[in-house]
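A.B. asks: Submitted below is the structure of interest, expressed as structure tokens.
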Amino acid sequence: MSLLFSPLHLPSPRGGVTLPNRIVVAPMCQYQANNGCATDWHLMHWGNLLNGGAGMVTIEATAVLPEGRITPQCLGLWDNTTEAALAGHLHRARALAPATAVCLQLAHAGRKASSATPWNGGRLLSPQEGGWPTVGPSALPHLPNETPPQAMALADMERVRDAFVAAARRAQRIGVDAVELHCAHGYLLHQFLSPLANQRHDAYGGTLENRMRFVLEVFAAVRAEFEGVLGVRLSAGDWVEGAWDLAQSEVLCQQLKSQGCDFIHVSSGGVSPLQKIALGAGYQVPLARAIRASSGMVTTTVGLITEPQQAQDILQAGDADLIALARAFLYQPRWGWQAAAALGGTVDASPAYWRCLPRQAQTAFGNVSTAQR
């Protein structure tokens, strides 16, 4: 059996989830929500991904507060209205696909909130353009010419922590299998970790222990409430000299494991425009390899992984436990089917699709058959 198509158990207080394969759809912002509410775009999008053969599908960054959205069009989960919209569209999408584990990424954008959509330049929006004041660990803007965020007081931090907990509680009611806390890509929790964004002089800034404190407090508060699989997406380095790096990430991951973290999803970058990323196929795999070795946690790797054999080789080398793909699934929502055909694995597919396989991929759905008259 191909390692990519071997099962993996993710533990949790309520018993965990066994994934049928090691393919994860990574979260990808769609910028199609209406006041934080999921729309029919999400029904179509999630239905496509859930029919793609992945072991688990992760829903895009979902803001825990309105001001935590990256853009005005981002998905949210902060009140009964946003919960009902997400639940309704997700339940409909799941009913149209084989049983697939669903993970929901919870996020707060911090100083990178109030932005235009990518196809409109991604810049910080003014109040006249529908933007809002942003917050961060310190009054340091993401770009030098931007309006600085408001430095968060302790009361602001408590409000954000409680919002993460409330959103996780809503996610549990909705029936998602896993929650991923977004500590990557320059958003609020990552901002607290990185000295490039966090220059506080209280118990939440300065030393590594202090910069990790808010992330660990948020995680512990969510862990106390959420009984499903709970993990963290982490930028394991800022790609800037003297900033957040792999060694500090390893310390954080060990702390997270001791608090009951079930998996770590390793990414990098996003906190500074000064970053110098050495892009290449699988460029983040060494970060995942190091964190897996030092923490012993189930580890997901992501980043320019596009081919089935490439994913298989990463697993065979022991570099990661799960392979996450993002843009590859946007381009080819049936990537899991193609990987099964290439590696001799099998995936579940809706019976309406059973007759679609080309001759060279006849075994990808296992022992199925159709008849027609």
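Ligands are numbered from 1 in the order shown, chains are lettered A, B, ... in the order of the structure tokens, and residues start at 1 in each chain.
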Using only C-alpha atoms, which residues sit within 9 Å of range 219-234 of chain A once same-chain residues fewer than 4 positions away are excluded, as a PDB file with N, CA, C and O atoms, in the first residue's frame?
C.D. replies:
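The new file around_6.pdb reads:
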```pdb
ATOM      1  N   LEU A  10      -5.976  10.642  14.158  1.00  0.00           N
ATOM      2  CA  LEU A  10      -5.761  11.886  14.876  1.00  0.00           C
ATOM      3  C   LEU A  10      -6.516  11.799  16.198  1.00  0.00           C
ATOM      4  O   LEU A  10      -7.741  11.654  16.204  1.00  0.00           O
ATOM      5  N   PRO A  11      -5.819  11.868  17.327  1.00  0.00           N
ATOM      6  CA  PRO A  11      -6.489  11.707  18.624  1.00  0.00           C
ATOM      7  C   PRO A  11      -7.252  12.961  19.029  1.00  0.00           C
ATOM      8  O   PRO A  11      -7.025  14.053  18.507  1.00  0.00           O
ATOM      9  N   SER A  12      -8.167  12.803  19.974  1.00  0.00           N
ATOM     10  CA  SER A  12      -8.857  13.938  20.572  1.00  0.00           C
ATOM     11  C   SER A  12      -9.540  13.457  21.842  1.00  0.00           C
ATOM     12  O   SER A  12      -9.704  12.249  22.042  1.00  0.00           O
ATOM     13  N   PRO A  13      -9.958  14.373  22.713  1.00  0.00           N
ATOM     14  CA  PRO A  13     -10.643  13.961  23.949  1.00  0.00           C
ATOM     15  C   PRO A  13     -11.898  13.139  23.713  1.00  0.00           C
ATOM     16  O   PRO A  13     -12.276  12.332  24.569  1.00  0.00           O
ATOM     17  N   ARG A  14     -12.563  13.318  22.563  1.00  0.00           N
ATOM     18  CA  ARG A  14     -13.775  12.542  22.316  1.00  0.00           C
ATOM     19  C   ARG A  14     -13.513  11.302  21.456  1.00  0.00           C
ATOM     20  O   ARG A  14     -14.441  10.710  20.921  1.00  0.00           O
ATOM     21  N   GLY A  15     -12.246  10.927  21.308  1.00  0.00           N
ATOM     22  CA  GLY A  15     -11.920   9.682  20.630  1.00  0.00           C
ATOM     23  C   GLY A  15     -11.152   9.821  19.344  1.00  0.00           C
ATOM     24  O   GLY A  15     -10.558   8.867  18.860  1.00  0.00           O
ATOM     25  N   GLY A  16     -11.171  11.005  18.747  1.00  0.00           N
ATOM     26  CA  GLY A  16     -10.364  11.232  17.564  1.00  0.00           C
ATOM     27  C   GLY A  16     -11.030  10.837  16.268  1.00  0.00           C
ATOM     28  O   GLY A  16     -12.188  10.400  16.230  1.00  0.00           O
ATOM     29  N   VAL A  17     -10.267  10.968  15.191  1.00  0.00           N
ATOM     30  CA  VAL A  17     -10.744  10.698  13.837  1.00  0.00           C
ATOM     31  C   VAL A  17      -9.675   9.907  13.106  1.00  0.00           C
ATOM     32  O   VAL A  17      -8.484  10.236  13.191  1.00  0.00           O
ATOM     33  N   CYS A 103     -11.988  20.035   8.877  1.00  0.00           N
ATOM     34  CA  CYS A 103     -11.281  20.869   9.834  1.00  0.00           C
ATOM     35  C   CYS A 103     -11.641  22.328   9.550  1.00  0.00           C
ATOM     36  O   CYS A 103     -11.808  22.710   8.393  1.00  0.00           O
ATOM     37  N   GLN A 105     -10.381  26.260  10.251  1.00  0.00           N
ATOM     38  CA  GLN A 105      -9.294  27.108  10.739  1.00  0.00           C
ATOM     39  C   GLN A 105      -9.871  28.388  11.350  1.00  0.00           C
ATOM     40  O   GLN A 105     -10.566  29.141  10.682  1.00  0.00           O
ATOM     41  N   ARG A 161      -9.125  36.175  23.114  1.00  0.00           N
ATOM     42  CA  ARG A 161      -9.048  34.797  23.614  1.00  0.00           C
ATOM     43  C   ARG A 161     -10.433  34.197  23.777  1.00  0.00           C
ATOM     44  O   ARG A 161     -10.704  33.064  23.338  1.00  0.00           O
ATOM     45  N   ASP A 162     -11.339  34.945  24.401  1.00  0.00           N
ATOM     46  CA  ASP A 162     -12.700  34.445  24.615  1.00  0.00           C
ATOM     47  C   ASP A 162     -13.433  34.244  23.294  1.00  0.00           C
ATOM     48  O   ASP A 162     -14.283  33.346  23.176  1.00  0.00           O
ATOM     49  N   PHE A 164     -12.003  33.264  20.444  1.00  0.00           N
ATOM     50  CA  PHE A 164     -11.526  31.989  19.920  1.00  0.00           C
ATOM     51  C   PHE A 164     -12.277  30.831  20.590  1.00  0.00           C
ATOM     52  O   PHE A 164     -12.679  29.864  19.917  1.00  0.00           O
ATOM     53  N   VAL A 165     -12.455  30.927  21.891  1.00  0.00           N
ATOM     54  CA  VAL A 165     -13.162  29.865  22.617  1.00  0.00           C
ATOM     55  C   VAL A 165     -14.605  29.763  22.148  1.00  0.00           C
ATOM     56  O   VAL A 165     -15.120  28.660  21.889  1.00  0.00           O
ATOM     57  N   ALA A 166     -15.272  30.906  22.028  1.00  0.00           N
ATOM     58  CA  ALA A 166     -16.674  30.895  21.601  1.00  0.00           C
ATOM     59  C   ALA A 166     -16.814  30.332  20.192  1.00  0.00           C
ATOM     60  O   ALA A 166     -17.750  29.571  19.901  1.00  0.00           O
ATOM     61  N   ALA A 168     -14.788  28.194  18.746  1.00  0.00           N
ATOM     62  CA  ALA A 168     -14.534  26.747  18.818  1.00  0.00           C
ATOM     63  C   ALA A 168     -15.759  26.015  19.339  1.00  0.00           C
ATOM     64  O   ALA A 168     -16.088  24.908  18.880  1.00  0.00           O
ATOM     65  N   ARG A 169     -16.454  26.625  20.275  1.00  0.00           N
ATOM     66  CA  ARG A 169     -17.684  26.029  20.792  1.00  0.00           C
ATOM     67  C   ARG A 169     -18.732  25.948  19.686  1.00  0.00           C
ATOM     68  O   ARG A 169     -19.436  24.930  19.543  1.00  0.00           O
ATOM     69  N   ALA A 171     -18.043  25.795  16.472  1.00  0.00           N
ATOM     70  CA  ALA A 171     -17.552  24.780  15.537  1.00  0.00           C
ATOM     71  C   ALA A 171     -17.938  23.384  16.010  1.00  0.00           C
ATOM     72  O   ALA A 171     -18.297  22.512  15.201  1.00  0.00           O
ATOM     73  N   GLN A 172     -17.872  23.173  17.305  1.00  0.00           N
ATOM     74  CA  GLN A 172     -18.258  21.876  17.852  1.00  0.00           C
ATOM     75  C   GLN A 172     -19.733  21.603  17.620  1.00  0.00           C
ATOM     76  O   GLN A 172     -20.130  20.485  17.261  1.00  0.00           O
ATOM     77  N   VAL A 176     -17.924  19.977  13.095  1.00  0.00           N
ATOM     78  CA  VAL A 176     -16.631  19.773  12.452  1.00  0.00           C
ATOM     79  C   VAL A 176     -15.806  18.799  13.279  1.00  0.00           C
ATOM     80  O   VAL A 176     -15.972  18.682  14.487  1.00  0.00           O
ATOM     81  N   ASP A 177     -14.917  18.104  12.606  1.00  0.00           N
ATOM     82  CA  ASP A 177     -14.105  17.085  13.265  1.00  0.00           C
ATOM     83  C   ASP A 177     -12.864  17.657  13.933  1.00  0.00           C
ATOM     84  O   ASP A 177     -12.362  17.097  14.913  1.00  0.00           O
ATOM     85  N   ALA A 178     -12.357  18.760  13.392  1.00  0.00           N
ATOM     86  CA  ALA A 178     -11.102  19.318  13.889  1.00  0.00           C
ATOM     87  C   ALA A 178     -11.128  20.832  13.792  1.00  0.00           C
ATOM     88  O   ALA A 178     -11.832  21.398  12.946  1.00  0.00           O
ATOM     89  N   VAL A 179     -10.357  21.469  14.641  1.00  0.00           N
ATOM     90  CA  VAL A 179     -10.133  22.913  14.590  1.00  0.00           C
ATOM     91  C   VAL A 179      -8.642  23.161  14.513  1.00  0.00           C
ATOM     92  O   VAL A 179      -7.853  22.484  15.184  1.00  0.00           O
ATOM     93  N   GLU A 180      -8.267  24.110  13.664  1.00  0.00           N
ATOM     94  CA  GLU A 180      -6.871  24.518  13.511  1.00  0.00           C
ATOM     95  C   GLU A 180      -6.767  25.996  13.875  1.00  0.00           C
ATOM     96  O   GLU A 180      -7.437  26.835  13.268  1.00  0.00           O
ATOM     97  N   LEU A 181      -5.949  26.329  14.878  1.00  0.00           N
ATOM     98  CA  LEU A 181      -5.723  27.719  15.252  1.00  0.00           C
ATOM     99  C   LEU A 181      -4.656  28.304  14.336  1.00  0.00           C
ATOM    100  O   LEU A 181      -3.577  27.733  14.177  1.00  0.00           O
ATOM    101  N   HIS A 182      -4.947  29.470  13.767  1.00  0.00           N
ATOM    102  CA  HIS A 182      -4.074  30.070  12.763  1.00  0.00           C
ATOM    103  C   HIS A 182      -3.000  30.926  13.447  1.00  0.00           C
ATOM    104  O   HIS A 182      -3.241  32.064  13.850  1.00  0.00           O
ATOM    105  N   CYS A 183      -1.802  30.359  13.581  1.00  0.00           N
ATOM    106  CA  CYS A 183      -0.652  31.059  14.166  1.00  0.00           C
ATOM    107  C   CYS A 183       0.407  31.292  13.096  1.00  0.00           C
ATOM    108  O   CYS A 183       1.614  31.233  13.374  1.00  0.00           O
ATOM    109  N   ALA A 184      -0.030  31.529  11.875  1.00  0.00           N
ATOM    110  CA  ALA A 184       0.910  31.624  10.750  1.00  0.00           C
ATOM    111  C   ALA A 184       0.623  32.859   9.909  1.00  0.00           C
ATOM    112  O   ALA A 184      -0.327  33.605  10.138  1.00  0.00           O
ATOM    113  N   HIS A 185       1.504  33.081   8.933  1.00  0.00           N
ATOM    114  CA  HIS A 185       1.304  34.013   7.819  1.00  0.00           C
ATOM    115  C   HIS A 185       1.091  35.466   8.238  1.00  0.00           C
ATOM    116  O   HIS A 185       0.443  36.234   7.537  1.00  0.00           O
ATOM    117  N   HIS A 190       0.504  34.874  15.186  1.00  0.00           N
ATOM    118  CA  HIS A 190       1.894  34.918  14.708  1.00  0.00           C
ATOM    119  C   HIS A 190       2.537  36.248  15.085  1.00  0.00           C
ATOM    120  O   HIS A 190       3.724  36.302  15.438  1.00  0.00           O
ATOM    121  N   PHE A 214       0.716  34.454  24.942  1.00  0.00           N
ATOM    122  CA  PHE A 214      -0.661  34.655  24.484  1.00  0.00           C
ATOM    123  C   PHE A 214      -1.124  33.481  23.626  1.00  0.00           C
ATOM    124  O   PHE A 214      -2.258  33.000  23.777  1.00  0.00           O
ATOM    125  N   VAL A 215      -0.267  32.996  22.749  1.00  0.00           N
ATOM    126  CA  VAL A 215      -0.632  31.830  21.925  1.00  0.00           C
ATOM    127  C   VAL A 215      -0.968  30.639  22.817  1.00  0.00           C
ATOM    128  O   VAL A 215      -1.977  29.947  22.602  1.00  0.00           O
ATOM    129  N   SER A 249      10.342  27.939  17.127  1.00  0.00           N
ATOM    130  CA  SER A 249       9.150  27.154  16.775  1.00  0.00           C
ATOM    131  C   SER A 249       9.180  25.793  17.443  1.00  0.00           C
ATOM    132  O   SER A 249       8.140  25.285  17.895  1.00  0.00           O
ATOM    133  N   LEU A 256       3.114  23.294  23.123  1.00  0.00           N
ATOM    134  CA  LEU A 256       1.778  22.978  22.631  1.00  0.00           C
ATOM    135  C   LEU A 256       1.451  21.498  22.843  1.00  0.00           C
ATOM    136  O   LEU A 256       0.334  21.147  23.235  1.00  0.00           O
ATOM    137  N   GLN A 259       0.282  20.729  26.200  1.00  0.00           N
ATOM    138  CA  GLN A 259      -1.059  21.231  26.489  1.00  0.00           C
ATOM    139  C   GLN A 259      -2.150  20.471  25.741  1.00  0.00           C
ATOM    140  O   GLN A 259      -3.320  20.829  25.833  1.00  0.00           O
ATOM    141  N   GLY A 260      -1.776  19.434  24.997  1.00  0.00           N
ATOM    142  CA  GLY A 260      -2.780  18.622  24.322  1.00  0.00           C
ATOM    143  C   GLY A 260      -2.996  18.935  22.870  1.00  0.00           C
ATOM    144  O   GLY A 260      -4.063  18.618  22.315  1.00  0.00           O
ATOM    145  N   CYS A 261      -2.003  19.507  22.198  1.00  0.00           N
ATOM    146  CA  CYS A 261      -2.116  19.764  20.759  1.00  0.00           C
ATOM    147  C   CYS A 261      -2.043  18.442  20.004  1.00  0.00           C
ATOM    148  O   CYS A 261      -1.143  17.626  20.247  1.00  0.00           O
ATOM    149  N   ASP A 262      -2.961  18.226  19.072  1.00  0.00           N
ATOM    150  CA  ASP A 262      -3.070  16.945  18.375  1.00  0.00           C
ATOM    151  C   ASP A 262      -2.287  16.894  17.069  1.00  0.00           C
ATOM    152  O   ASP A 262      -1.950  15.815  16.590  1.00  0.00           O
ATOM    153  N   PHE A 263      -2.032  18.047  16.453  1.00  0.00           N
ATOM    154  CA  PHE A 263      -1.217  18.077  15.236  1.00  0.00           C
ATOM    155  C   PHE A 263      -0.645  19.468  15.049  1.00  0.00           C
ATOM    156  O   PHE A 263      -1.168  20.453  15.585  1.00  0.00           O
ATOM    157  N   ILE A 264       0.423  19.557  14.279  1.00  0.00           N
ATOM    158  CA  ILE A 264       1.019  20.835  13.923  1.00  0.00           C
ATOM    159  C   ILE A 264       1.134  20.912  12.410  1.00  0.00           C
ATOM    160  O   ILE A 264       1.587  19.966  11.760  1.00  0.00           O
ATOM    161  N   HIS A 265       0.654  22.007  11.849  1.00  0.00           N
ATOM    162  CA  HIS A 265       0.633  22.213  10.396  1.00  0.00           C
ATOM    163  C   HIS A 265       1.695  23.267  10.091  1.00  0.00           C
ATOM    164  O   HIS A 265       1.519  24.443  10.428  1.00  0.00           O
ATOM    165  N   VAL A 266       2.786  22.873   9.476  1.00  0.00           N
ATOM    166  CA  VAL A 266       3.979  23.717   9.386  1.00  0.00           C
ATOM    167  C   VAL A 266       4.017  24.488   8.073  1.00  0.00           C
ATOM    168  O   VAL A 266       4.091  23.914   6.986  1.00  0.00           O
ATOM    169  N   SER A 267       3.989  25.817   8.202  1.00  0.00           N
ATOM    170  CA  SER A 267       4.154  26.719   7.080  1.00  0.00           C
ATOM    171  C   SER A 267       5.266  27.692   7.452  1.00  0.00           C
ATOM    172  O   SER A 267       6.071  27.413   8.341  1.00  0.00           O
ATOM    173  N   SER A 268       5.317  28.864   6.810  1.00  0.00           N
ATOM    174  CA  SER A 268       6.343  29.845   7.165  1.00  0.00           C
ATOM    175  C   SER A 268       6.006  31.197   6.545  1.00  0.00           C
ATOM    176  O   SER A 268       5.197  31.300   5.628  1.00  0.00           O
ATOM    177  N   THR A 300       2.022  18.079   9.691  1.00  0.00           N
ATOM    178  CA  THR A 300       1.569  18.302   8.315  1.00  0.00           C
ATOM    179  C   THR A 300       2.548  19.226   7.621  1.00  0.00           C
ATOM    180  O   THR A 300       2.943  20.250   8.183  1.00  0.00           O
TER     181      THR A 300
END
```
A.B. asks: From a backbone DSSP assignment, name each residue in range 212-295 of chain A labelled helix (DSSP H, G or I), as an NGL selection string.
C.D. replies: :A and (212-225 or 246-258 or 285-295)
A.B. asks: What residues in range 155-249 of chain A get the DSSP label strand (DSSP E or B)? Please answer as JSON, numbers by chain.
C.D. replies: {"A": [178, 179, 180, 181, 182, 183, 229, 230, 231, 232, 233, 234, 235]}
A.B. asks: Save the residues we just selected, N, CA, C and O atoms, as a PDB file, in the first residue's frame?
C.D. replies:
```pdb
ATOM      1  N   ALA A 178     -12.357  18.760  13.392  1.00  0.00           N
ATOM      2  CA  ALA A 178     -11.102  19.318  13.889  1.00  0.00           C
ATOM      3  C   ALA A 178     -11.128  20.832  13.792  1.00  0.00           C
ATOM      4  O   ALA A 178     -11.832  21.398  12.946  1.00  0.00           O
ATOM      5  N   VAL A 179     -10.357  21.469  14.641  1.00  0.00           N
ATOM      6  CA  VAL A 179     -10.133  22.913  14.590  1.00  0.00           C
ATOM      7  C   VAL A 179      -8.642  23.161  14.513  1.00  0.00           C
ATOM      8  O   VAL A 179      -7.853  22.484  15.184  1.00  0.00           O
ATOM      9  N   GLU A 180      -8.267  24.110  13.664  1.00  0.00           N
ATOM     10  CA  GLU A 180      -6.871  24.518  13.511  1.00  0.00           C
ATOM     11  C   GLU A 180      -6.767  25.996  13.875  1.00  0.00           C
ATOM     12  O   GLU A 180      -7.437  26.835  13.268  1.00  0.00           O
ATOM     13  N   LEU A 181      -5.949  26.329  14.878  1.00  0.00           N
ATOM     14  CA  LEU A 181      -5.723  27.719  15.252  1.00  0.00           C
ATOM     15  C   LEU A 181      -4.656  28.304  14.336  1.00  0.00           C
ATOM     16  O   LEU A 181      -3.577  27.733  14.177  1.00  0.00           O
ATOM     17  N   HIS A 182      -4.947  29.470  13.767  1.00  0.00           N
ATOM     18  CA  HIS A 182      -4.074  30.070  12.763  1.00  0.00           C
ATOM     19  C   HIS A 182      -3.000  30.926  13.447  1.00  0.00           C
ATOM     20  O   HIS A 182      -3.241  32.064  13.850  1.00  0.00           O
ATOM     21  N   CYS A 183      -1.802  30.359  13.581  1.00  0.00           N
ATOM     22  CA  CYS A 183      -0.652  31.059  14.166  1.00  0.00           C
ATOM     23  C   CYS A 183       0.407  31.292  13.096  1.00  0.00           C
ATOM     24  O   CYS A 183       1.614  31.233  13.374  1.00  0.00           O
ATOM     25  N   VAL A 229     -10.499  17.091  17.461  1.00  0.00           N
ATOM     26  CA  VAL A 229      -9.073  17.199  17.153  1.00  0.00           C
ATOM     27  C   VAL A 229      -8.708  18.682  17.116  1.00  0.00           C
ATOM     28  O   VAL A 229      -9.392  19.480  16.469  1.00  0.00           O
ATOM     29  N   LEU A 230      -7.632  19.051  17.806  1.00  0.00           N
ATOM     30  CA  LEU A 230      -7.230  20.452  17.873  1.00  0.00           C
ATOM     31  C   LEU A 230      -5.755  20.581  17.506  1.00  0.00           C
ATOM     32  O   LEU A 230      -4.891  19.957  18.130  1.00  0.00           O
ATOM     33  N   GLY A 231      -5.490  21.388  16.485  1.00  0.00           N
ATOM     34  CA  GLY A 231      -4.119  21.594  16.041  1.00  0.00           C
ATOM     35  C   GLY A 231      -3.818  23.060  15.813  1.00  0.00           C
ATOM     36  O   GLY A 231      -4.661  23.937  16.035  1.00  0.00           O
ATOM     37  N   VAL A 232      -2.603  23.311  15.359  1.00  0.00           N
ATOM     38  CA  VAL A 232      -2.127  24.674  15.139  1.00  0.00           C
ATOM     39  C   VAL A 232      -1.437  24.746  13.787  1.00  0.00           C
ATOM     40  O   VAL A 232      -0.650  23.854  13.442  1.00  0.00           O
ATOM     41  N   ARG A 233      -1.735  25.795  13.022  1.00  0.00           N
ATOM     42  CA  ARG A 233      -0.933  26.088  11.839  1.00  0.00           C
ATOM     43  C   ARG A 233       0.089  27.150  12.221  1.00  0.00           C
ATOM     44  O   ARG A 233      -0.272  28.222  12.709  1.00  0.00           O
ATOM     45  N   LEU A 234       1.343  26.849  11.989  1.00  0.00           N
ATOM     46  CA  LEU A 234       2.440  27.669  12.490  1.00  0.00           C
ATOM     47  C   LEU A 234       3.354  28.099  11.360  1.00  0.00           C
ATOM     48  O   LEU A 234       3.727  27.287  10.514  1.00  0.00           O
ATOM     49  N   SER A 235       3.704  29.386  11.355  1.00  0.00           N
ATOM     50  CA  SER A 235       4.835  29.821  10.537  1.00  0.00           C
ATOM     51  C   SER A 235       6.095  29.495  11.329  1.00  0.00           C
ATOM     52  O   SER A 235       6.351  30.092  12.379  1.00  0.00           O
TER      53      SER A 235
END
```
A.B. asks: Can you tell me which residues surround Gly88 in chain A at a distance of at most 10 Å, considering only C-alpha atoms, apart from same-chain residues fewer than 4 positions away, and format the answer as a list in words?
C.D. replies: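 Here the qualifying residues turn out to be Ala38, Thr39, Leu43, Thr82, Glu83, Ala84, Arg92, Ala93 and Ile174 of chain A.
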A.B. asks: Output the selection as a compact mmCIF listing (two decimals), in the first residue's frame - C-alpha atoms for each residue.
C.D. replies:
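In the end it all went to out.txt:
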```txt
# COMPACT_ATOMS: atom_id res chain seq x y z
CA ALA A 38 -21.02 31.58 4.13
CA THR A 39 -22.76 31.81 0.74
CA LEU A 43 -21.52 25.32 -0.95
CA THR A 82 -22.62 33.41 10.99
CA GLU A 83 -22.94 30.04 12.72
CA ALA A 84 -26.25 29.28 11.01
CA ARG A 92 -25.53 20.59 2.50
CA ALA A 93 -22.06 20.19 1.02
CA ILE A 174 -21.70 22.59 13.76
```
A.B. asks: Would you kindly return, as a list in words, each protein, DNA or RNA residue with an atom no farther than 7 Å from any atom of Pro20 in chain A, considering only C-alpha atoms and excluding same-chain residues fewer than 2 positions away?
C.D. replies: Phe5, Ser6, Pro7, Leu8, Thr18 and Gly55 of chain A
A.B. asks: Please list as a VMD selection string every residue within 8 Å of range 206-213 of chain A, counting only C-alpha atoms and excluding residues in the same chain fewer than 5 positions away.
C.D. replies: chain A and resid 192 to 195 198 to 201 248 252
A.B. asks: Please report as JSON lines every residue of range 143-192 of chain A lying within 10 Å of range 111-122 of chain A, along with the nearest atom pair and their distance in Å (one decimal), using only C-alpha atoms.
C.D. replies:
```
{"residue": "A:Leu143", "atom": "CA", "partner": "A:Lys112", "partner_atom": "CA", "distance": 9.6}
{"residue": "A:Glu146", "atom": "CA", "partner": "A:Arg111", "partner_atom": "CA", "distance": 9.8}
{"residue": "A:Thr147", "atom": "CA", "partner": "A:Arg111", "partner_atom": "CA", "distance": 9.4}
{"residue": "A:Pro148", "atom": "CA", "partner": "A:Arg111", "partner_atom": "CA", "distance": 7.6}
{"residue": "A:Pro149", "atom": "CA", "partner": "A:Arg111", "partner_atom": "CA", "distance": 5.5}
{"residue": "A:Gln150", "atom": "CA", "partner": "A:Arg111", "partner_atom": "CA", "distance": 8.4}
{"residue": "A:Ala151", "atom": "CA", "partner": "A:Arg111", "partner_atom": "CA", "distance": 9.6}
{"residue": "A:His185", "atom": "CA", "partner": "A:Lys112", "partner_atom": "CA", "distance": 9.7}
{"residue": "A:Gly186", "atom": "CA", "partner": "A:Lys112", "partner_atom": "CA", "distance": 7.4}
{"residue": "A:Tyr187", "atom": "CA", "partner": "A:Lys112", "partner_atom": "CA", "distance": 6.3}
{"residue": "A:Leu188", "atom": "CA", "partner": "A:Arg111", "partner_atom": "CA", "distance": 7.0}
{"residue": "A:Gln191", "atom": "CA", "partner": "A:Arg111", "partner_atom": "CA", "distance": 8.3}
```
A.B. asks: Residues at most 9 Å from Ser350 in chain A, counting only C-alpha atoms, excluding those fewer than 5 positions away in the same chain, as a list of chain:residue names?
C.D. replies: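 The contact residues come out as A:Asn51, A:Leu96, A:Ala97, A:Pro98.
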A.B. asks: To one decimal place, how far is CA of Leu140 in chain A from CA of Ala247 in chain A in Å?
C.D. replies: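 Separation of CA of Leu140 in chain A and CA of Ala247 in chain A: 24.4 Å.
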A.B. asks: In Å, with one decimal, what is the gap from CA of Leu315 in chain A to CA of His45 in chain A?
C.D. replies: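 Interatomic distance, CA of Leu315 in chain A to CA of His45 in chain A: 27.9 Å.
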A.B. asks: Which of these residues is nearest to Arg355 in chain A, using only C-alpha atoms: A:Thr58, A:Gln332, A:Ser369, A:Ser272?
C.D. replies: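 For Arg355 in chain A, the nearest of the given residues is A:Ser369.
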